[in-house]
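Encoded as structure tokens, the structure appears first; notes follow it.
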Amino acid sequence: MAHSVTTHQAEEDARNEAILIYLDGKIVPKAEAKVSVYDSGFMLGDGVWEGLRLYEGTWAFLDEHMDRLFEAAKAIDLDIGLDRAGVVSALLETQKANGMYTDAHARLMVTRGVKVRPFQHPSLSRSGPTIAIIIEHSRPSIPRPIRLATVPHLRGLPMTQDPKLNSHSKLNCILACIAAEKAGADEALMLDVHGFVNTTNACNFFIVRKGEVWTSTGDYCMNGITRQKVIDLCRANSIPVYERNFSLVDTYGADEAFLTGTFGAQTPVAVLDGRQIGTGRMGPVTERIRALYKNLIAEHCGV
Ligand SMILES: Cc1ncc(COP(=O)(O)O)c(C=O)c1O
């Protein structure tokens, strides 16, 4: 079996050892970008984050990322301490400090800040938020279509850590990924509480059947920005697309399957639970959607 790959694999880039990082209003060298062991993010995974990509000087779909960040912060009752313009300006300042123009990926993180005591209660986080922005030089390099394994870890109901939240704590997803790797796959396919196919541990999931594109209803998964762009592109280009419940039987029998996410855009899936999907290579519908998405990025980023 081929070595396992990840859906967030990038070309090695030595410049990433010398990047500058935004930490609480300061731009510091990577080696000095450190947070306290009392930080709510470190101690409890108490925070929210966004992953964004830079194409030719433009942060793709920045408004949508800011909407999702501020919505998530409101949901967990976390005051970011900056307004949208402030967060965007911190991102741009970090980009500028690193002299980056394209092919860069940002992880923008906000936690509830440093605690006065090492316990869970949020009132113990009194420093104000910790804000960190890592931007790395990043050219995705995913050497082959992805292998998935279905795992027992579910996408939960919204009242138990709503899976829509891009929370720092990703333990459920990490356990899912570990289980998939132990089953010889690269990433986990996760079902919802009813047993319908939902999402992978780090990307949204689509199948193609007889020219139709299917994805989950959107309940129980991240409201992925790339997911929504793919749905919108299908609608605008007369590709039938459905947000619906579907099962593993539908998925094993699909002609194509692919993942979506800001990092990898659309990544083909070759195998699920030891069964080849379609030809095991990128199919024509996936290829078409990839081309449409590339054009969308080019238009959006004025390339
Ligand atoms: C669990 C999960 N699903 C899907 C996505 C993809 O979302 P987006 O397309 O907004 O990058 C992410 C990215 O953060 C994620 O963590």
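To be explicit about the labels: the chains of the structure tokens are called A, B, and onward in the order shown, and within each one the residues are counted from 1, while ligands get numbers from 1 in the order they are shown.
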
>> Residues near stretch 71-79 of chain A, anyone? I mean within 7 Å using only C-alpha atoms, not counting same-chain ones fewer than 4 positions away, as a PyMOL selection string.
In response: chain A and resi 48+67+112+165

List every residue of stretch 55-295 of chain A that DSSP, applied to the backbone, labels as alpha helix (DSSP H), and write the result as a short mmCIF file (atom, residue, chain, number, x, y, z; two decimals) with all heavy atoms, in the first residue's frame.
```cif
data_model
loop_
_atom_site.label_atom_id
_atom_site.label_comp_id
_atom_site.auth_asym_id
_atom_site.auth_seq_id
_atom_site.Cartn_x
_atom_site.Cartn_y
_atom_site.Cartn_z
N LEU A 62 -12.36 36.70 1.69
CA LEU A 62 -12.05 37.25 3.02
C LEU A 62 -13.33 37.59 3.81
O LEU A 62 -13.40 37.33 5.01
CB LEU A 62 -11.17 38.50 2.83
CG LEU A 62 -10.61 39.16 4.07
CD1 LEU A 62 -9.81 38.17 4.92
CD2 LEU A 62 -9.71 40.33 3.68
N ASP A 63 -14.32 38.16 3.12
CA ASP A 63 -15.57 38.52 3.82
C ASP A 63 -16.22 37.29 4.45
O ASP A 63 -16.67 37.33 5.60
CB ASP A 63 -16.59 39.14 2.84
CG ASP A 63 -16.28 40.60 2.60
OD1 ASP A 63 -15.47 41.17 3.37
OD2 ASP A 63 -16.84 41.16 1.64
N GLU A 64 -16.27 36.21 3.67
CA GLU A 64 -16.89 34.99 4.18
C GLU A 64 -16.11 34.45 5.40
O GLU A 64 -16.70 33.98 6.37
CB GLU A 64 -16.94 33.90 3.09
CG GLU A 64 -17.97 34.16 2.00
CD GLU A 64 -17.43 34.96 0.81
OE1 GLU A 64 -16.47 35.75 0.98
OE2 GLU A 64 -17.97 34.78 -0.29
N HIS A 65 -14.77 34.52 5.32
CA HIS A 65 -13.97 34.04 6.45
C HIS A 65 -14.21 34.91 7.69
O HIS A 65 -14.30 34.41 8.81
CB HIS A 65 -12.48 34.02 6.09
CG HIS A 65 -12.11 32.85 5.24
ND1 HIS A 65 -11.96 31.57 5.73
CD2 HIS A 65 -11.86 32.76 3.90
CE1 HIS A 65 -11.62 30.74 4.74
NE2 HIS A 65 -11.56 31.45 3.62
N MET A 66 -14.31 36.24 7.47
CA MET A 66 -14.54 37.13 8.62
C MET A 66 -15.94 36.90 9.20
O MET A 66 -16.12 36.90 10.41
CB MET A 66 -14.36 38.60 8.21
CG MET A 66 -12.91 38.98 7.96
SD MET A 66 -11.85 38.72 9.41
CE MET A 66 -10.75 37.46 8.82
N ASP A 67 -16.93 36.70 8.31
CA ASP A 67 -18.29 36.38 8.79
C ASP A 67 -18.26 35.16 9.70
O ASP A 67 -18.82 35.16 10.79
CB ASP A 67 -19.24 36.05 7.62
CG ASP A 67 -19.68 37.27 6.85
OD1 ASP A 67 -19.45 38.40 7.33
OD2 ASP A 67 -20.26 37.10 5.74
N ARG A 68 -17.57 34.11 9.23
CA ARG A 68 -17.58 32.86 9.98
C ARG A 68 -16.81 33.00 11.30
O ARG A 68 -17.24 32.49 12.33
CB ARG A 68 -16.99 31.73 9.12
CG ARG A 68 -17.19 30.36 9.70
CD ARG A 68 -16.85 29.26 8.71
NE ARG A 68 -15.44 29.26 8.35
CZ ARG A 68 -14.89 28.44 7.46
NH1 ARG A 68 -15.64 27.55 6.83
NH2 ARG A 68 -13.61 28.50 7.18
N LEU A 69 -15.69 33.74 11.25
CA LEU A 69 -14.91 33.93 12.48
C LEU A 69 -15.72 34.67 13.54
O LEU A 69 -15.77 34.26 14.70
CB LEU A 69 -13.62 34.71 12.16
CG LEU A 69 -12.75 35.04 13.37
CD1 LEU A 69 -12.08 33.77 13.91
CD2 LEU A 69 -11.68 36.07 13.01
N PHE A 70 -16.35 35.78 13.12
CA PHE A 70 -17.07 36.59 14.10
C PHE A 70 -18.34 35.88 14.58
O PHE A 70 -18.73 36.01 15.75
CB PHE A 70 -17.34 37.99 13.55
CG PHE A 70 -16.15 38.90 13.74
CD1 PHE A 70 -15.11 38.90 12.81
CD2 PHE A 70 -16.03 39.68 14.87
CE1 PHE A 70 -13.98 39.69 13.00
CE2 PHE A 70 -14.89 40.48 15.08
CZ PHE A 70 -13.87 40.48 14.13
N GLU A 71 -18.95 35.09 13.70
CA GLU A 71 -20.12 34.32 14.12
C GLU A 71 -19.71 33.27 15.16
O GLU A 71 -20.40 33.08 16.17
CB GLU A 71 -20.72 33.63 12.89
CG GLU A 71 -22.03 32.94 13.15
CD GLU A 71 -22.62 32.37 11.87
OE1 GLU A 71 -22.13 31.33 11.38
OE2 GLU A 71 -23.56 32.97 11.34
N ALA A 72 -18.58 32.61 14.91
CA ALA A 72 -18.12 31.57 15.84
C ALA A 72 -17.74 32.20 17.18
O ALA A 72 -18.07 31.66 18.25
CB ALA A 72 -16.93 30.82 15.25
N ALA A 73 -17.05 33.36 17.13
CA ALA A 73 -16.64 34.01 18.37
C ALA A 73 -17.88 34.41 19.18
O ALA A 73 -17.92 34.24 20.40
CB ALA A 73 -15.78 35.23 18.05
N LYS A 74 -18.90 34.91 18.48
CA LYS A 74 -20.13 35.29 19.18
C LYS A 74 -20.77 34.06 19.82
O LYS A 74 -21.23 34.09 20.97
CB LYS A 74 -21.09 35.94 18.18
CG LYS A 74 -22.33 36.51 18.81
CD LYS A 74 -23.14 37.26 17.80
CE LYS A 74 -24.35 37.88 18.46
NZ LYS A 74 -25.24 38.52 17.48
N ALA A 75 -20.76 32.96 19.07
CA ALA A 75 -21.40 31.73 19.57
C ALA A 75 -20.72 31.23 20.84
O ALA A 75 -21.37 30.72 21.74
CB ALA A 75 -21.39 30.66 18.49
N ARG A 84 -13.79 43.80 12.65
CA ARG A 84 -13.38 43.09 11.41
C ARG A 84 -12.20 43.78 10.75
O ARG A 84 -11.24 43.12 10.32
CB ARG A 84 -14.54 43.08 10.41
CG ARG A 84 -15.60 42.07 10.70
CD ARG A 84 -16.77 42.34 9.78
NE ARG A 84 -16.56 41.81 8.44
CZ ARG A 84 -17.19 40.75 7.95
NH1 ARG A 84 -18.06 40.11 8.68
NH2 ARG A 84 -16.97 40.35 6.72
N ALA A 85 -12.27 45.14 10.69
CA ALA A 85 -11.19 45.88 10.04
C ALA A 85 -9.88 45.64 10.79
O ALA A 85 -8.80 45.54 10.17
CB ALA A 85 -11.54 47.36 9.99
N GLY A 86 -9.97 45.53 12.10
CA GLY A 86 -8.77 45.31 12.92
C GLY A 86 -8.16 43.93 12.64
O GLY A 86 -6.94 43.79 12.54
N VAL A 87 -9.02 42.93 12.52
CA VAL A 87 -8.51 41.57 12.24
C VAL A 87 -7.88 41.53 10.84
O VAL A 87 -6.79 40.99 10.65
CB VAL A 87 -9.64 40.51 12.38
CG1 VAL A 87 -9.15 39.14 11.94
CG2 VAL A 87 -10.16 40.46 13.81
N VAL A 88 -8.58 42.15 9.88
CA VAL A 88 -8.05 42.16 8.51
C VAL A 88 -6.72 42.90 8.47
O VAL A 88 -5.75 42.45 7.85
CB VAL A 88 -9.08 42.78 7.52
CG1 VAL A 88 -8.45 43.00 6.15
CG2 VAL A 88 -10.32 41.90 7.41
N SER A 89 -6.64 44.02 9.22
CA SER A 89 -5.39 44.77 9.16
C SER A 89 -4.25 43.99 9.82
O SER A 89 -3.10 44.04 9.36
CB SER A 89 -5.61 46.19 9.70
OG SER A 89 -4.95 46.40 10.86
N ALA A 90 -4.56 43.18 10.86
CA ALA A 90 -3.51 42.33 11.46
C ALA A 90 -3.04 41.28 10.44
O ALA A 90 -1.84 40.99 10.34
CB ALA A 90 -4.06 41.64 12.70
N LEU A 91 -3.99 40.75 9.68
CA LEU A 91 -3.63 39.76 8.65
C LEU A 91 -2.73 40.39 7.58
O LEU A 91 -1.68 39.83 7.21
CB LEU A 91 -4.93 39.21 8.02
CG LEU A 91 -4.78 38.19 6.90
CD1 LEU A 91 -4.24 36.86 7.43
CD2 LEU A 91 -6.13 37.95 6.20
N LEU A 92 -3.13 41.59 7.13
CA LEU A 92 -2.36 42.26 6.07
C LEU A 92 -0.98 42.68 6.57
O LEU A 92 0.02 42.60 5.85
CB LEU A 92 -3.13 43.48 5.55
CG LEU A 92 -4.48 43.17 4.88
CD1 LEU A 92 -5.16 44.44 4.39
CD2 LEU A 92 -4.32 42.18 3.72
N GLU A 93 -0.94 43.10 7.84
CA GLU A 93 0.35 43.50 8.44
C GLU A 93 1.30 42.29 8.48
O GLU A 93 2.49 42.40 8.17
CB GLU A 93 0.06 43.99 9.87
CG GLU A 93 1.21 44.68 10.54
CD GLU A 93 0.91 44.87 12.04
OE1 GLU A 93 -0.27 44.90 12.44
OE2 GLU A 93 1.88 44.97 12.80
N THR A 94 0.76 41.12 8.82
CA THR A 94 1.59 39.91 8.89
C THR A 94 2.07 39.51 7.49
O THR A 94 3.23 39.15 7.29
CB THR A 94 0.78 38.74 9.51
OG1 THR A 94 0.06 39.24 10.63
CG2 THR A 94 1.68 37.61 9.96
N GLN A 95 1.14 39.61 6.53
CA GLN A 95 1.51 39.30 5.14
C GLN A 95 2.63 40.22 4.67
O GLN A 95 3.61 39.78 4.07
CB GLN A 95 0.25 39.48 4.26
CG GLN A 95 0.52 39.33 2.78
CD GLN A 95 -0.62 39.91 1.93
OE1 GLN A 95 -1.73 40.14 2.41
NE2 GLN A 95 -0.31 40.16 0.68
N LYS A 96 2.45 41.52 4.98
CA LYS A 96 3.43 42.52 4.53
C LYS A 96 4.79 42.27 5.19
O LYS A 96 5.84 42.30 4.53
CB LYS A 96 2.91 43.92 4.89
CG LYS A 96 3.69 45.03 4.29
CD LYS A 96 2.95 46.35 4.36
CE LYS A 96 3.93 47.46 4.01
NZ LYS A 96 3.74 48.63 4.86
N ALA A 97 4.76 41.98 6.49
CA ALA A 97 6.02 41.75 7.21
C ALA A 97 6.79 40.59 6.59
O ALA A 97 8.01 40.56 6.61
CB ALA A 97 5.73 41.47 8.68
N LEU A 171 -10.56 17.38 18.80
CA LEU A 171 -10.22 16.03 19.24
C LEU A 171 -11.06 14.96 18.55
O LEU A 171 -10.54 13.91 18.16
CB LEU A 171 -10.35 15.94 20.77
CG LEU A 171 -9.54 14.83 21.43
CD1 LEU A 171 -8.10 14.81 20.96
CD2 LEU A 171 -9.59 14.99 22.94
N ASN A 172 -12.35 15.25 18.38
CA ASN A 172 -13.22 14.26 17.70
C ASN A 172 -12.68 13.97 16.29
O ASN A 172 -12.61 12.81 15.87
CB ASN A 172 -14.65 14.81 17.65
CG ASN A 172 -15.65 13.76 17.20
OD1 ASN A 172 -15.52 12.60 17.57
ND2 ASN A 172 -16.62 14.15 16.40
N CYS A 173 -12.30 15.03 15.59
CA CYS A 173 -11.77 14.87 14.22
C CYS A 173 -10.41 14.18 14.24
O CYS A 173 -10.10 13.36 13.36
CB CYS A 173 -11.64 16.23 13.55
SG CYS A 173 -13.21 17.06 13.33
N ILE A 174 -9.60 14.51 15.23
CA ILE A 174 -8.26 13.90 15.32
C ILE A 174 -8.38 12.41 15.61
O ILE A 174 -7.69 11.59 14.99
CB ILE A 174 -7.41 14.64 16.38
CG1 ILE A 174 -7.09 16.05 15.86
CG2 ILE A 174 -6.13 13.88 16.71
CD1 ILE A 174 -6.55 17.00 16.90
N LEU A 175 -9.29 12.05 16.52
CA LEU A 175 -9.50 10.62 16.81
C LEU A 175 -9.98 9.90 15.54
O LEU A 175 -9.58 8.77 15.26
CB LEU A 175 -10.52 10.44 17.94
CG LEU A 175 -10.04 10.87 19.32
CD1 LEU A 175 -11.16 10.75 20.34
CD2 LEU A 175 -8.83 10.06 19.76
N ALA A 176 -10.84 10.58 14.79
CA ALA A 176 -11.35 10.00 13.54
C ALA A 176 -10.19 9.77 12.57
O ALA A 176 -10.07 8.70 11.95
CB ALA A 176 -12.40 10.93 12.92
N CYS A 177 -9.30 10.75 12.47
CA CYS A 177 -8.17 10.65 11.55
C CYS A 177 -7.22 9.53 11.96
O CYS A 177 -6.74 8.77 11.12
CB CYS A 177 -7.45 12.01 11.51
SG CYS A 177 -6.27 12.11 10.17
N ILE A 178 -6.98 9.42 13.26
CA ILE A 178 -6.10 8.34 13.76
C ILE A 178 -6.71 6.98 13.41
O ILE A 178 -6.01 6.07 12.92
CB ILE A 178 -5.88 8.48 15.29
CG1 ILE A 178 -5.01 9.72 15.57
CG2 ILE A 178 -5.25 7.22 15.88
CD1 ILE A 178 -4.92 10.10 17.05
N ALA A 179 -8.02 6.86 13.61
CA ALA A 179 -8.68 5.57 13.30
C ALA A 179 -8.54 5.26 11.81
O ALA A 179 -8.29 4.10 11.42
CB ALA A 179 -10.14 5.63 13.71
N ALA A 180 -8.68 6.28 10.97
CA ALA A 180 -8.58 6.08 9.51
C ALA A 180 -7.17 5.64 9.14
O ALA A 180 -6.97 4.73 8.33
CB ALA A 180 -8.97 7.36 8.78
N GLU A 181 -6.17 6.31 9.74
CA GLU A 181 -4.78 5.94 9.45
C GLU A 181 -4.49 4.51 9.87
O GLU A 181 -3.81 3.78 9.15
CB GLU A 181 -3.83 6.89 10.18
CG GLU A 181 -3.56 8.16 9.40
CD GLU A 181 -2.13 8.64 9.57
OE1 GLU A 181 -1.77 8.90 10.73
OE2 GLU A 181 -1.41 8.73 8.57
N LYS A 182 -5.03 4.13 11.02
CA LYS A 182 -4.80 2.76 11.50
C LYS A 182 -5.48 1.74 10.58
O LYS A 182 -5.08 0.58 10.52
CB LYS A 182 -5.27 2.61 12.95
CG LYS A 182 -4.33 3.33 13.92
CD LYS A 182 -4.54 2.90 15.34
CE LYS A 182 -3.72 3.73 16.32
NZ LYS A 182 -2.26 3.51 16.19
N ILE A 225 -16.44 27.13 3.35
CA ILE A 225 -16.56 28.20 2.34
C ILE A 225 -16.36 27.60 0.95
O ILE A 225 -17.11 27.92 0.01
CB ILE A 225 -15.58 29.33 2.69
CG1 ILE A 225 -16.08 30.03 3.97
CG2 ILE A 225 -15.44 30.32 1.52
CD1 ILE A 225 -15.10 30.92 4.66
N THR A 226 -15.42 26.68 0.82
CA THR A 226 -15.20 26.04 -0.49
C THR A 226 -16.41 25.19 -0.86
O THR A 226 -16.81 25.15 -2.03
CB THR A 226 -13.93 25.16 -0.43
OG1 THR A 226 -12.95 25.82 0.37
CG2 THR A 226 -13.37 24.90 -1.81
N ARG A 227 -16.98 24.52 0.14
CA ARG A 227 -18.20 23.72 -0.10
C ARG A 227 -19.28 24.60 -0.73
O ARG A 227 -19.87 24.23 -1.74
CB ARG A 227 -18.67 23.16 1.25
CG ARG A 227 -20.02 22.46 1.22
CD ARG A 227 -20.45 22.07 2.65
NE ARG A 227 -21.66 21.26 2.63
CZ ARG A 227 -22.88 21.76 2.57
NH1 ARG A 227 -23.08 23.07 2.56
NH2 ARG A 227 -23.93 20.95 2.53
N GLN A 228 -19.51 25.77 -0.12
CA GLN A 228 -20.56 26.65 -0.64
C GLN A 228 -20.22 27.16 -2.03
O GLN A 228 -21.10 27.26 -2.90
CB GLN A 228 -20.78 27.83 0.33
CG GLN A 228 -22.02 28.65 0.01
CD GLN A 228 -23.30 27.79 0.03
OE1 GLN A 228 -23.53 27.04 0.97
NE2 GLN A 228 -24.10 27.88 -1.03
N LYS A 229 -18.95 27.47 -2.26
CA LYS A 229 -18.54 27.96 -3.60
C LYS A 229 -18.78 26.87 -4.65
O LYS A 229 -19.21 27.16 -5.77
CB LYS A 229 -17.06 28.37 -3.63
CG LYS A 229 -16.73 29.54 -2.70
CD LYS A 229 -17.38 30.83 -3.16
CE LYS A 229 -17.20 31.92 -2.12
NZ LYS A 229 -18.11 33.06 -2.29
N VAL A 230 -18.51 25.62 -4.30
CA VAL A 230 -18.73 24.51 -5.25
C VAL A 230 -20.22 24.37 -5.55
O VAL A 230 -20.63 24.23 -6.71
CB VAL A 230 -18.12 23.20 -4.70
CG1 VAL A 230 -18.65 21.98 -5.45
CG2 VAL A 230 -16.60 23.25 -4.78
N ILE A 231 -21.05 24.46 -4.52
CA ILE A 231 -22.51 24.38 -4.73
C ILE A 231 -22.95 25.53 -5.64
O ILE A 231 -23.70 25.32 -6.61
CB ILE A 231 -23.25 24.41 -3.37
CG1 ILE A 231 -22.94 23.12 -2.58
CG2 ILE A 231 -24.75 24.61 -3.56
CD1 ILE A 231 -23.40 23.15 -1.13
N ASP A 232 -22.48 26.74 -5.35
CA ASP A 232 -22.87 27.91 -6.16
C ASP A 232 -22.40 27.75 -7.61
O ASP A 232 -23.13 28.09 -8.54
CB ASP A 232 -22.27 29.20 -5.57
CG ASP A 232 -22.85 29.52 -4.19
OD1 ASP A 232 -23.87 28.92 -3.81
OD2 ASP A 232 -22.26 30.38 -3.49
N LEU A 233 -21.17 27.25 -7.77
CA LEU A 233 -20.64 27.08 -9.14
C LEU A 233 -21.45 26.05 -9.92
O LEU A 233 -21.72 26.23 -11.10
CB LEU A 233 -19.17 26.62 -9.09
CG LEU A 233 -18.15 27.71 -8.81
CD1 LEU A 233 -16.78 27.10 -8.56
CD2 LEU A 233 -18.07 28.71 -9.97
N CYS A 234 -21.83 24.96 -9.25
CA CYS A 234 -22.66 23.95 -9.93
C CYS A 234 -23.97 24.59 -10.37
O CYS A 234 -24.39 24.43 -11.52
CB CYS A 234 -22.94 22.77 -8.99
SG CYS A 234 -21.53 21.71 -8.73
N ARG A 235 -24.60 25.34 -9.46
CA ARG A 235 -25.88 25.96 -9.80
C ARG A 235 -25.73 26.92 -10.97
O ARG A 235 -26.56 26.94 -11.88
CB ARG A 235 -26.46 26.70 -8.58
CG ARG A 235 -26.92 25.72 -7.53
CD ARG A 235 -27.71 26.37 -6.41
NE ARG A 235 -28.12 25.34 -5.48
CZ ARG A 235 -28.05 25.42 -4.16
NH1 ARG A 235 -27.59 26.53 -3.58
NH2 ARG A 235 -28.45 24.42 -3.40
N ALA A 236 -24.65 27.69 -10.97
CA ALA A 236 -24.46 28.70 -12.02
C ALA A 236 -24.08 28.06 -13.35
O ALA A 236 -24.18 28.71 -14.39
CB ALA A 236 -23.37 29.68 -11.59
N LEU A 248 -23.61 5.05 2.76
CA LEU A 248 -22.37 4.46 2.26
C LEU A 248 -22.62 3.67 0.98
O LEU A 248 -21.76 3.63 0.09
CB LEU A 248 -21.76 3.54 3.33
CG LEU A 248 -21.01 4.27 4.46
CD1 LEU A 248 -20.61 3.28 5.55
CD2 LEU A 248 -19.78 5.00 3.91
N VAL A 249 -23.81 3.06 0.85
CA VAL A 249 -24.11 2.30 -0.38
C VAL A 249 -24.04 3.24 -1.58
O VAL A 249 -23.41 2.94 -2.60
CB VAL A 249 -25.50 1.62 -0.27
CG1 VAL A 249 -25.90 0.99 -1.62
CG2 VAL A 249 -25.49 0.54 0.81
N ASP A 250 -24.68 4.43 -1.44
CA ASP A 250 -24.63 5.43 -2.52
C ASP A 250 -23.19 5.85 -2.80
O ASP A 250 -22.81 6.16 -3.94
CB ASP A 250 -25.40 6.70 -2.12
CG ASP A 250 -26.85 6.42 -1.77
OD1 ASP A 250 -27.50 5.69 -2.53
OD2 ASP A 250 -27.31 6.93 -0.73
N THR A 251 -22.41 5.89 -1.76
CA THR A 251 -21.03 6.42 -1.88
C THR A 251 -20.11 5.38 -2.52
O THR A 251 -19.33 5.72 -3.41
CB THR A 251 -20.51 6.84 -0.48
OG1 THR A 251 -21.51 7.67 0.12
CG2 THR A 251 -19.22 7.59 -0.58
N TYR A 252 -20.21 4.13 -2.09
CA TYR A 252 -19.38 3.08 -2.72
C TYR A 252 -19.70 2.99 -4.21
O TYR A 252 -18.84 2.73 -5.04
CB TYR A 252 -19.64 1.71 -2.09
CG TYR A 252 -19.26 1.59 -0.62
CD1 TYR A 252 -20.05 0.86 0.27
CD2 TYR A 252 -18.11 2.20 -0.13
CE1 TYR A 252 -19.70 0.73 1.60
CE2 TYR A 252 -17.76 2.07 1.21
CZ TYR A 252 -18.56 1.34 2.08
OH TYR A 252 -18.23 1.22 3.39
N PRO A 284 -14.34 13.29 -14.60
CA PRO A 284 -14.57 14.48 -15.42
C PRO A 284 -15.37 15.58 -14.72
O PRO A 284 -15.13 16.77 -14.96
CB PRO A 284 -15.35 13.94 -16.63
CG PRO A 284 -15.84 12.58 -16.23
CD PRO A 284 -14.90 12.07 -15.18
N VAL A 285 -16.30 15.19 -13.85
CA VAL A 285 -17.10 16.23 -13.16
C VAL A 285 -16.21 16.96 -12.14
O VAL A 285 -16.22 18.19 -12.04
CB VAL A 285 -18.37 15.63 -12.52
CG1 VAL A 285 -19.14 16.69 -11.76
CG2 VAL A 285 -19.24 14.97 -13.58
N THR A 286 -15.42 16.19 -11.42
CA THR A 286 -14.49 16.80 -10.45
C THR A 286 -13.53 17.75 -11.19
O THR A 286 -13.28 18.87 -10.74
CB THR A 286 -13.67 15.72 -9.70
OG1 THR A 286 -14.57 14.75 -9.18
CG2 THR A 286 -12.84 16.32 -8.58
N GLU A 287 -13.05 17.27 -12.33
CA GLU A 287 -12.10 18.07 -13.12
C GLU A 287 -12.77 19.38 -13.56
O GLU A 287 -12.17 20.45 -13.49
CB GLU A 287 -11.65 17.26 -14.33
CG GLU A 287 -10.30 17.67 -14.82
CD GLU A 287 -9.63 16.55 -15.63
OE1 GLU A 287 -10.10 15.40 -15.66
OE2 GLU A 287 -8.63 16.88 -16.25
N ARG A 288 -14.03 19.29 -14.00
CA ARG A 288 -14.74 20.49 -14.46
C ARG A 288 -14.94 21.46 -13.29
O ARG A 288 -14.73 22.67 -13.43
CB ARG A 288 -16.10 20.07 -15.05
CG ARG A 288 -16.88 21.24 -15.52
CD ARG A 288 -17.95 20.91 -16.55
NE ARG A 288 -18.66 22.14 -16.86
CZ ARG A 288 -19.97 22.27 -16.88
NH1 ARG A 288 -20.75 21.23 -16.64
NH2 ARG A 288 -20.53 23.43 -17.15
N ILE A 289 -15.33 20.92 -12.14
CA ILE A 289 -15.56 21.79 -10.98
C ILE A 289 -14.24 22.44 -10.55
O ILE A 289 -14.21 23.62 -10.19
CB ILE A 289 -16.22 20.99 -9.82
CG1 ILE A 289 -17.66 20.64 -10.23
CG2 ILE A 289 -16.18 21.76 -8.51
CD1 ILE A 289 -18.37 19.68 -9.31
N ARG A 290 -13.17 21.67 -10.63
CA ARG A 290 -11.85 22.25 -10.29
C ARG A 290 -11.51 23.42 -11.20
O ARG A 290 -11.01 24.45 -10.75
CB ARG A 290 -10.77 21.18 -10.42
CG ARG A 290 -10.32 20.79 -9.03
CD ARG A 290 -9.45 19.70 -8.86
NE ARG A 290 -8.16 19.62 -9.50
CZ ARG A 290 -7.11 19.11 -8.86
NH1 ARG A 290 -7.19 18.78 -7.59
NH2 ARG A 290 -5.98 18.96 -9.49
N ALA A 291 -11.80 23.26 -12.49
CA ALA A 291 -11.50 24.33 -13.45
C ALA A 291 -12.38 25.54 -13.17
O ALA A 291 -11.91 26.70 -13.20
CB ALA A 291 -11.71 23.83 -14.87
N LEU A 292 -13.66 25.30 -12.87
CA LEU A 292 -14.57 26.42 -12.57
C LEU A 292 -14.11 27.16 -11.31
O LEU A 292 -14.15 28.39 -11.23
CB LEU A 292 -16.01 25.89 -12.36
CG LEU A 292 -16.72 25.37 -13.61
CD1 LEU A 292 -18.00 24.62 -13.23
CD2 LEU A 292 -17.06 26.53 -14.56
N TYR A 293 -13.66 26.41 -10.32
CA TYR A 293 -13.20 27.02 -9.07
C TYR A 293 -11.92 27.83 -9.30
O TYR A 293 -11.78 28.93 -8.77
CB TYR A 293 -12.97 25.93 -8.02
CG TYR A 293 -12.61 26.46 -6.65
CD1 TYR A 293 -13.59 26.95 -5.79
CD2 TYR A 293 -11.29 26.47 -6.20
CE1 TYR A 293 -13.27 27.43 -4.52
CE2 TYR A 293 -10.96 26.95 -4.93
CZ TYR A 293 -11.95 27.42 -4.11
OH TYR A 293 -11.63 27.90 -2.86
N LYS A 294 -11.05 27.31 -10.13
CA LYS A 294 -9.82 28.02 -10.46
C LYS A 294 -10.15 29.36 -11.13
O LYS A 294 -9.55 30.40 -10.81
CB LYS A 294 -8.97 27.15 -11.41
CG LYS A 294 -7.50 27.33 -11.22
CD LYS A 294 -6.73 26.27 -11.97
CE LYS A 294 -5.30 26.77 -12.10
NZ LYS A 294 -4.53 26.12 -13.10
N ASN A 295 -11.12 29.32 -12.05
CA ASN A 295 -11.55 30.56 -12.71
C ASN A 295 -12.17 31.53 -11.71
O ASN A 295 -11.95 32.74 -11.80
CB ASN A 295 -12.62 30.28 -13.78
CG ASN A 295 -12.00 29.62 -14.99
OD1 ASN A 295 -10.79 29.65 -15.16
ND2 ASN A 295 -12.84 29.03 -15.82
#
```

Contacts of chain A with ligand 1 up to 10 Å, shortest pair per row, only C-alpha atoms and all ligand atoms, as CSV:
```
residue,atom,partner,partner_atom_place_in_ligand_line,distance
A:Trp49,CA,ligand 1,14 (O),8.0
A:Glu50,CA,ligand 1,14 (O),6.4
A:Gly51,CA,ligand 1,14 (O),5.9
A:Leu52,CA,ligand 1,11 (O),7.3
A:Arg53,CA,ligand 1,11 (O),9.1
A:Phe61,CA,ligand 1,10 (O),9.4
A:Glu64,CA,ligand 1,10 (O),8.6
A:His65,CA,ligand 1,10 (O),7.4
A:Arg68,CA,ligand 1,10 (O),8.8
A:Arg107,CA,ligand 1,14 (O),9.4
A:Arg155,CA,ligand 1,1 (C),9.6
A:Pro163,CA,ligand 1,1 (C),7.7
A:Lys164,CA,ligand 1,1 (C),8.1
A:Leu165,CA,ligand 1,16 (O),8.8
A:Asn166,CA,ligand 1,16 (O),6.2
A:Ser167,CA,ligand 1,16 (O),8.5
A:His168,CA,ligand 1,16 (O),9.6
A:Lys170,CA,ligand 1,1 (C),8.1
A:Asn172,CA,ligand 1,1 (C),9.8
A:Cys173,CA,ligand 1,1 (C),7.0
A:Ile174,CA,ligand 1,1 (C),9.9
A:Asn198,CA,ligand 1,3 (N),10.0
A:Thr199,CA,ligand 1,3 (N),6.8
A:Thr200,CA,ligand 1,3 (N),6.7
A:Asn201,CA,ligand 1,1 (C),5.1
A:Ala202,CA,ligand 1,1 (C),4.0
A:Cys203,CA,ligand 1,4 (C),3.6
A:Asn204,CA,ligand 1,4 (C),4.6
A:Phe205,CA,ligand 1,4 (C),8.3
A:Tyr220,CA,ligand 1,1 (C),9.9
A:Cys221,CA,ligand 1,3 (N),6.4
A:Met222,CA,ligand 1,3 (N),4.7
A:Asn223,CA,ligand 1,7 (O),6.6
A:Gly224,CA,ligand 1,7 (O),3.5
A:Ile225,CA,ligand 1,10 (O),3.7
A:Thr226,CA,ligand 1,9 (O),3.7
A:Arg227,CA,ligand 1,9 (O),5.5
A:Gln228,CA,ligand 1,9 (O),7.7
A:Lys229,CA,ligand 1,9 (O),8.4
A:Val230,CA,ligand 1,9 (O),9.5
A:Leu259,CA,ligand 1,4 (C),8.7
A:Thr260,CA,ligand 1,9 (O),5.9
A:Gly261,CA,ligand 1,9 (O),3.6
A:Thr262,CA,ligand 1,11 (O),3.6
A:Phe263,CA,ligand 1,11 (O),6.5
A:Gly264,CA,ligand 1,11 (O),8.5
A:Ala265,CA,ligand 1,9 (O),7.6
A:Gln266,CA,ligand 1,9 (O),9.5
```
